[in-house]
Structures are given as structure tokens and as C-alpha cells.
Amino acid sequence: MIERITPEYISTLQPGQIFVFGSNHFGHHAGGAARYALDHFGAEWGNGEGLQGQSYAIPTMEGLDSTKQAVERFIAFAKDHQELTFLVTPIGCGIAGYTPHEIAPFFADAQSLPNIYLPESFLKMAQ
């Protein structure tokens with residue numbers, strides 16, 4: 001399998017690239033990758049999930065079960081939007097306080113999609 005690894009630091013995006021970040025249900029993008037998405041990639045204050053500008057929010061602050069369901073919705077969205085390339089950041093592993101070991105398994109189905117790039121720490125968990 002070809003590994004598609006999200007760059008460790010993303011400061012710019014090409015057309016069709018989407019910055020995927022962890023959010024909270026309320027869309028209060030006050031810190032971390034969420035704040036960067038708000039300031040640079042079109043994330044919308046008050047929008048806690050889904051495509052917004054050149055970013056996609058996945059809520060991670062409401063517990064692991066909720067996060068897993070949100071990741072499943074994201075993967076379904078990505079399957080339906082093969083024209084876009086999704087650069088997933090290590091969602092849930094910053095302010096939300098989870099580890100790659102806890103979050104990476106939620107992305108198992110994403111590894112077969114050519115338009116989803118994952119953090120190296122998530123790929124290591126899948127090996």
C-alpha cells in the first residue's frame with residue numbers, strides 16, 4: 001500500500017486540498033489546528049463539523065464514541081468527494097487529550113482511499 005502522509009506542518013494549501021482538523025461540537029475554533037483553520041483555511045466560527053472553506057472539522061471534544069462517529073461521517077464524505085484531497089491532522093491528540101493509539105483505529109477505512117492523507121503517527125498505529 002502506498003502511504004499518504006500528511007505533512008507535519010501545513011501553512012498553505014493547493015486548490016482542492018482540504019485541511020482536516022479537530023474541533024468541538026460548538027465550532028469554537030479558539031486554539032490549535034482549529035484556530036489555524038479559522039485564521040487561514042476558511043473554517044467558520046460556530047460550525048463544529050464538516051466542510052468549510054478549505055477545511056473540514058471533525059468534533060473530538062465530546063468523547064471517543066462521538067469522535068468515532070464523526071470520523072465515519074468524514075470518511076463517507078471523502079468517498080463521495082474524490083475530487084478533493086484531505087490532509088488529516090492528528091485530530092484529538094492535542095487539546096482533546098487523546099493519543100494516536102486511541103484515534104488512529106477510527107481511520108482504518110481511510111487508508112484505502114487515495115484522497116485521504118493521514119498523520120505518520122496514525123499510520124504507525126495501523127502497522
# chains A, B, ... in the order shown; residues from 1 in each chain; ligands from 1
>>> residues_around(residues="stretch 11-24 of chain A", least_positions_apart="5", cutoff="6 Å", atoms="only C-alpha atoms", output="ChimeraX atom specification")
/A:33-34,48,54-61,84-89,91-92
>>> write_last_selection(atoms="C-alpha atoms", output="PDB file, in the first residue's frame")
ATOM      1  CA  ALA A  33      -5.216  23.381  14.449  1.00  0.00           C
ATOM      2  CA  ALA A  34      -8.799  24.629  14.720  1.00  0.00           C
ATOM      3  CA  GLY A  48     -18.254  22.271  14.540  1.00  0.00           C
ATOM      4  CA  GLN A  54     -10.599  24.694   2.514  1.00  0.00           C
ATOM      5  CA  SER A  55     -11.026  22.898   5.815  1.00  0.00           C
ATOM      6  CA  TYR A  56     -13.072  20.091   7.324  1.00  0.00           C
ATOM      7  CA  ALA A  57     -13.926  19.988  11.041  1.00  0.00           C
ATOM      8  CA  ILE A  58     -14.217  16.726  12.967  1.00  0.00           C
ATOM      9  CA  PRO A  59     -15.528  17.190  16.518  1.00  0.00           C
ATOM     10  CA  THR A  60     -13.248  15.476  19.033  1.00  0.00           C
ATOM     11  CA  MET A  61     -14.134  17.020  22.390  1.00  0.00           C
ATOM     12  CA  LEU A  84     -10.703  16.706  -3.108  1.00  0.00           C
ATOM     13  CA  THR A  85      -7.555  15.707  -1.212  1.00  0.00           C
ATOM     14  CA  PHE A  86      -7.942  15.599   2.568  1.00  0.00           C
ATOM     15  CA  LEU A  87      -4.896  16.272   4.757  1.00  0.00           C
ATOM     16  CA  VAL A  88      -5.853  14.905   8.176  1.00  0.00           C
ATOM     17  CA  THR A  89      -4.032  16.448  11.130  1.00  0.00           C
ATOM     18  CA  ILE A  91      -7.143  15.161  15.379  1.00  0.00           C
ATOM     19  CA  GLY A  92      -7.997  14.559  19.009  1.00  0.00           C
TER      20      GLY A  92
END
>>> residues_around(residues="A:Glu120", least_positions_apart="4", cutoff="8 Å", atoms="only C-alpha atoms", output="PyMOL selection string")
chain A and resi 5-6+124
>>> residues_around(residues="A:Arg73", least_positions_apart="4", cutoff="10 Å", atoms="only C-alpha atoms", output="VMD selection string")
chain A and resid 49 to 50 58 67 to 69 77 to 79
>>> closest_residue(among="A:Phe26, A:Tyr36, A:Phe107, A:Trp45", to="A:Tyr9", atoms="only C-alpha atoms")
A:Tyr36
>>> atom_distance(atom1="atom CA of A:Arg4", atom2="atom CA of A:Asn115")
8.6 Å
>>> residues_around(residues="A:Phe106", least_positions_apart="2", cutoff="8 Å", atoms="only C-alpha atoms", output="PyMOL selection string")
chain A and resi 68+71-72+103-104+108-109
>>> select_by_dssp(residues="stretch 9-122 of chain A", states="helix (DSSP H, G or I)", output="JSON, numbers by chain")
{"A": [32, 33, 34, 35, 36, 37, 38, 39, 40, 64, 65, 66, 67, 68, 69, 70, 71, 72, 73, 74, 75, 76, 77, 78, 79, 80, 100, 101, 102, 103, 104, 105, 106, 107, 108, 109, 110, 111, 112, 120, 121, 122]}
>>> atom_distance(atom1="atom CA of A:Pro7", atom2="atom CA of A:Ser112")
18.5 Å
>>> select_by_dssp(residues="chain A", states="strand (DSSP E or B)", output="PyMOL selection string")
chain A and resi 5+17-23+50-52+55-59+85-88+116-118
>>> residues_around(residues="A:Ala43", least_positions_apart="3", cutoff="7 Å", atoms="only C-alpha atoms", output="compact mmCIF listing (two decimals) with N, CA and C atoms, in the first residue's frame")
# COMPACT_ATOMS: atom_id res chain seq x y z
N ALA A 37 -7.05 26.74 11.19
CA ALA A 37 -8.05 26.58 10.12
C ALA A 37 -8.95 27.81 10.04
N LEU A 38 -9.32 28.36 11.18
CA LEU A 38 -10.15 29.56 11.23
C LEU A 38 -9.42 30.74 10.61
N GLN A 52 -15.83 23.44 5.34
CA GLN A 52 -15.96 24.89 5.48
C GLN A 52 -14.71 25.52 4.89
N GLY A 53 -14.87 26.25 3.80
CA GLY A 53 -13.72 26.79 3.09
C GLY A 53 -12.85 25.65 2.60
N SER A 55 -11.24 23.68 4.60
CA SER A 55 -11.03 22.90 5.81
C SER A 55 -12.24 22.02 6.08
>>> atom_distance(atom1="atom CA of A:Leu51", atom2="atom CA of A:Asp39")
15.2 Å
>>> decode(residues="stretch 12-33 of chain A", atoms="N, CA, C and O atoms", output="PDB file, in the first residue's frame")
ATOM      1  N   THR A  12       0.226  26.285   3.761  1.00  0.00           N
ATOM      2  CA  THR A  12      -0.515  26.650   2.555  1.00  0.00           C
ATOM      3  C   THR A  12      -1.172  25.396   1.990  1.00  0.00           C
ATOM      4  O   THR A  12      -0.745  24.276   2.279  1.00  0.00           O
ATOM      5  N   LEU A  13      -2.187  25.617   1.196  1.00  0.00           N
ATOM      6  CA  LEU A  13      -2.878  24.516   0.529  1.00  0.00           C
ATOM      7  C   LEU A  13      -2.952  24.792  -0.964  1.00  0.00           C
ATOM      8  O   LEU A  13      -3.079  25.941  -1.379  1.00  0.00           O
ATOM      9  N   GLN A  14      -2.911  23.730  -1.741  1.00  0.00           N
ATOM     10  CA  GLN A  14      -3.137  23.824  -3.173  1.00  0.00           C
ATOM     11  C   GLN A  14      -4.647  23.777  -3.414  1.00  0.00           C
ATOM     12  O   GLN A  14      -5.400  23.300  -2.571  1.00  0.00           O
ATOM     13  N   PRO A  15      -5.092  24.233  -4.581  1.00  0.00           N
ATOM     14  CA  PRO A  15      -6.521  24.086  -4.894  1.00  0.00           C
ATOM     15  C   PRO A  15      -6.931  22.615  -4.773  1.00  0.00           C
ATOM     16  O   PRO A  15      -6.209  21.719  -5.189  1.00  0.00           O
ATOM     17  N   GLY A  16      -8.069  22.382  -4.150  1.00  0.00           N
ATOM     18  CA  GLY A  16      -8.576  21.016  -3.982  1.00  0.00           C
ATOM     19  C   GLY A  16      -8.070  20.299  -2.745  1.00  0.00           C
ATOM     20  O   GLY A  16      -8.535  19.213  -2.427  1.00  0.00           O
ATOM     21  N   GLN A  17      -7.109  20.898  -2.038  1.00  0.00           N
ATOM     22  CA  GLN A  17      -6.634  20.300  -0.790  1.00  0.00           C
ATOM     23  C   GLN A  17      -7.462  20.839   0.375  1.00  0.00           C
ATOM     24  O   GLN A  17      -7.789  22.030   0.423  1.00  0.00           O
ATOM     25  N   ILE A  18      -7.773  19.949   1.315  1.00  0.00           N
ATOM     26  CA  ILE A  18      -8.604  20.294   2.466  1.00  0.00           C
ATOM     27  C   ILE A  18      -7.849  19.960   3.753  1.00  0.00           C
ATOM     28  O   ILE A  18      -7.370  18.844   3.935  1.00  0.00           O
ATOM     29  N   PHE A  19      -7.766  20.924   4.647  1.00  0.00           N
ATOM     30  CA  PHE A  19      -7.119  20.802   5.953  1.00  0.00           C
ATOM     31  C   PHE A  19      -8.150  20.214   6.928  1.00  0.00           C
ATOM     32  O   PHE A  19      -9.178  20.847   7.204  1.00  0.00           O
ATOM     33  N   VAL A  20      -7.905  19.011   7.429  1.00  0.00           N
ATOM     34  CA  VAL A  20      -8.852  18.324   8.320  1.00  0.00           C
ATOM     35  C   VAL A  20      -8.349  18.474   9.757  1.00  0.00           C
ATOM     36  O   VAL A  20      -7.245  18.047  10.079  1.00  0.00           O
ATOM     37  N   PHE A  21      -9.187  19.066  10.596  1.00  0.00           N
ATOM     38  CA  PHE A  21      -8.760  19.398  11.954  1.00  0.00           C
ATOM     39  C   PHE A  21      -9.790  18.958  12.976  1.00  0.00           C
ATOM     40  O   PHE A  21     -10.958  18.766  12.670  1.00  0.00           O
ATOM     41  N   GLY A  22      -9.330  18.825  14.207  1.00  0.00           N
ATOM     42  CA  GLY A  22     -10.221  18.502  15.317  1.00  0.00           C
ATOM     43  C   GLY A  22     -10.891  19.755  15.836  1.00  0.00           C
ATOM     44  O   GLY A  22     -10.271  20.810  15.951  1.00  0.00           O
ATOM     45  N   SER A  23     -12.160  19.614  16.150  1.00  0.00           N
ATOM     46  CA  SER A  23     -12.968  20.743  16.591  1.00  0.00           C
ATOM     47  C   SER A  23     -13.734  20.352  17.845  1.00  0.00           C
ATOM     48  O   SER A  23     -13.490  19.304  18.439  1.00  0.00           O
ATOM     49  N   ASN A  24     -14.661  21.200  18.224  1.00  0.00           N
ATOM     50  CA  ASN A  24     -15.642  20.845  19.240  1.00  0.00           C
ATOM     51  C   ASN A  24     -17.018  21.045  18.630  1.00  0.00           C
ATOM     52  O   ASN A  24     -17.163  21.690  17.593  1.00  0.00           O
ATOM     53  N   HIS A  25     -17.990  20.452  19.243  1.00  0.00           N
ATOM     54  CA  HIS A  25     -19.354  20.463  18.711  1.00  0.00           C
ATOM     55  C   HIS A  25     -19.858  21.879  18.417  1.00  0.00           C
ATOM     56  O   HIS A  25     -20.611  22.092  17.472  1.00  0.00           O
ATOM     57  N   PHE A  26     -19.425  22.838  19.206  1.00  0.00           N
ATOM     58  CA  PHE A  26     -19.915  24.209  19.071  1.00  0.00           C
ATOM     59  C   PHE A  26     -19.164  25.014  18.016  1.00  0.00           C
ATOM     60  O   PHE A  26     -19.555  26.137  17.710  1.00  0.00           O
ATOM     61  N   GLY A  27     -18.082  24.461  17.491  1.00  0.00           N
ATOM     62  CA  GLY A  27     -17.307  25.191  16.488  1.00  0.00           C
ATOM     63  C   GLY A  27     -16.581  26.396  17.049  1.00  0.00           C
ATOM     64  O   GLY A  27     -16.367  27.383  16.351  1.00  0.00           O
ATOM     65  N   HIS A  28     -16.171  26.307  18.295  1.00  0.00           N
ATOM     66  CA  HIS A  28     -15.381  27.379  18.908  1.00  0.00           C
ATOM     67  C   HIS A  28     -13.912  27.086  18.615  1.00  0.00           C
ATOM     68  O   HIS A  28     -13.237  26.415  19.395  1.00  0.00           O
ATOM     69  N   HIS A  29     -13.454  27.565  17.497  1.00  0.00           N
ATOM     70  CA  HIS A  29     -12.107  27.272  16.998  1.00  0.00           C
ATOM     71  C   HIS A  29     -11.085  28.229  17.625  1.00  0.00           C
ATOM     72  O   HIS A  29     -10.501  29.069  16.961  1.00  0.00           O
ATOM     73  N   ALA A  30     -10.867  28.070  18.919  1.00  0.00           N
ATOM     74  CA  ALA A  30     -10.062  29.031  19.659  1.00  0.00           C
ATOM     75  C   ALA A  30      -8.582  28.686  19.742  1.00  0.00           C
ATOM     76  O   ALA A  30      -7.767  29.554  20.032  1.00  0.00           O
ATOM     77  N   GLY A  31      -8.192  27.425  19.504  1.00  0.00           N
ATOM     78  CA  GLY A  31      -6.793  27.066  19.668  1.00  0.00           C
ATOM     79  C   GLY A  31      -6.371  25.942  18.750  1.00  0.00           C
ATOM     80  O   GLY A  31      -7.193  25.308  18.075  1.00  0.00           O
ATOM     81  N   GLY A  32      -5.079  25.696  18.719  1.00  0.00           N
ATOM     82  CA  GLY A  32      -4.510  24.581  17.965  1.00  0.00           C
ATOM     83  C   GLY A  32      -4.803  24.651  16.479  1.00  0.00           C
ATOM     84  O   GLY A  32      -4.887  25.731  15.875  1.00  0.00           O
ATOM     85  N   ALA A  33      -4.957  23.474  15.886  1.00  0.00           N
ATOM     86  CA  ALA A  33      -5.216  23.381  14.449  1.00  0.00           C
ATOM     87  C   ALA A  33      -6.543  24.038  14.077  1.00  0.00           C
ATOM     88  O   ALA A  33      -6.688  24.584  12.984  1.00  0.00           O
TER      89      ALA A  33
END
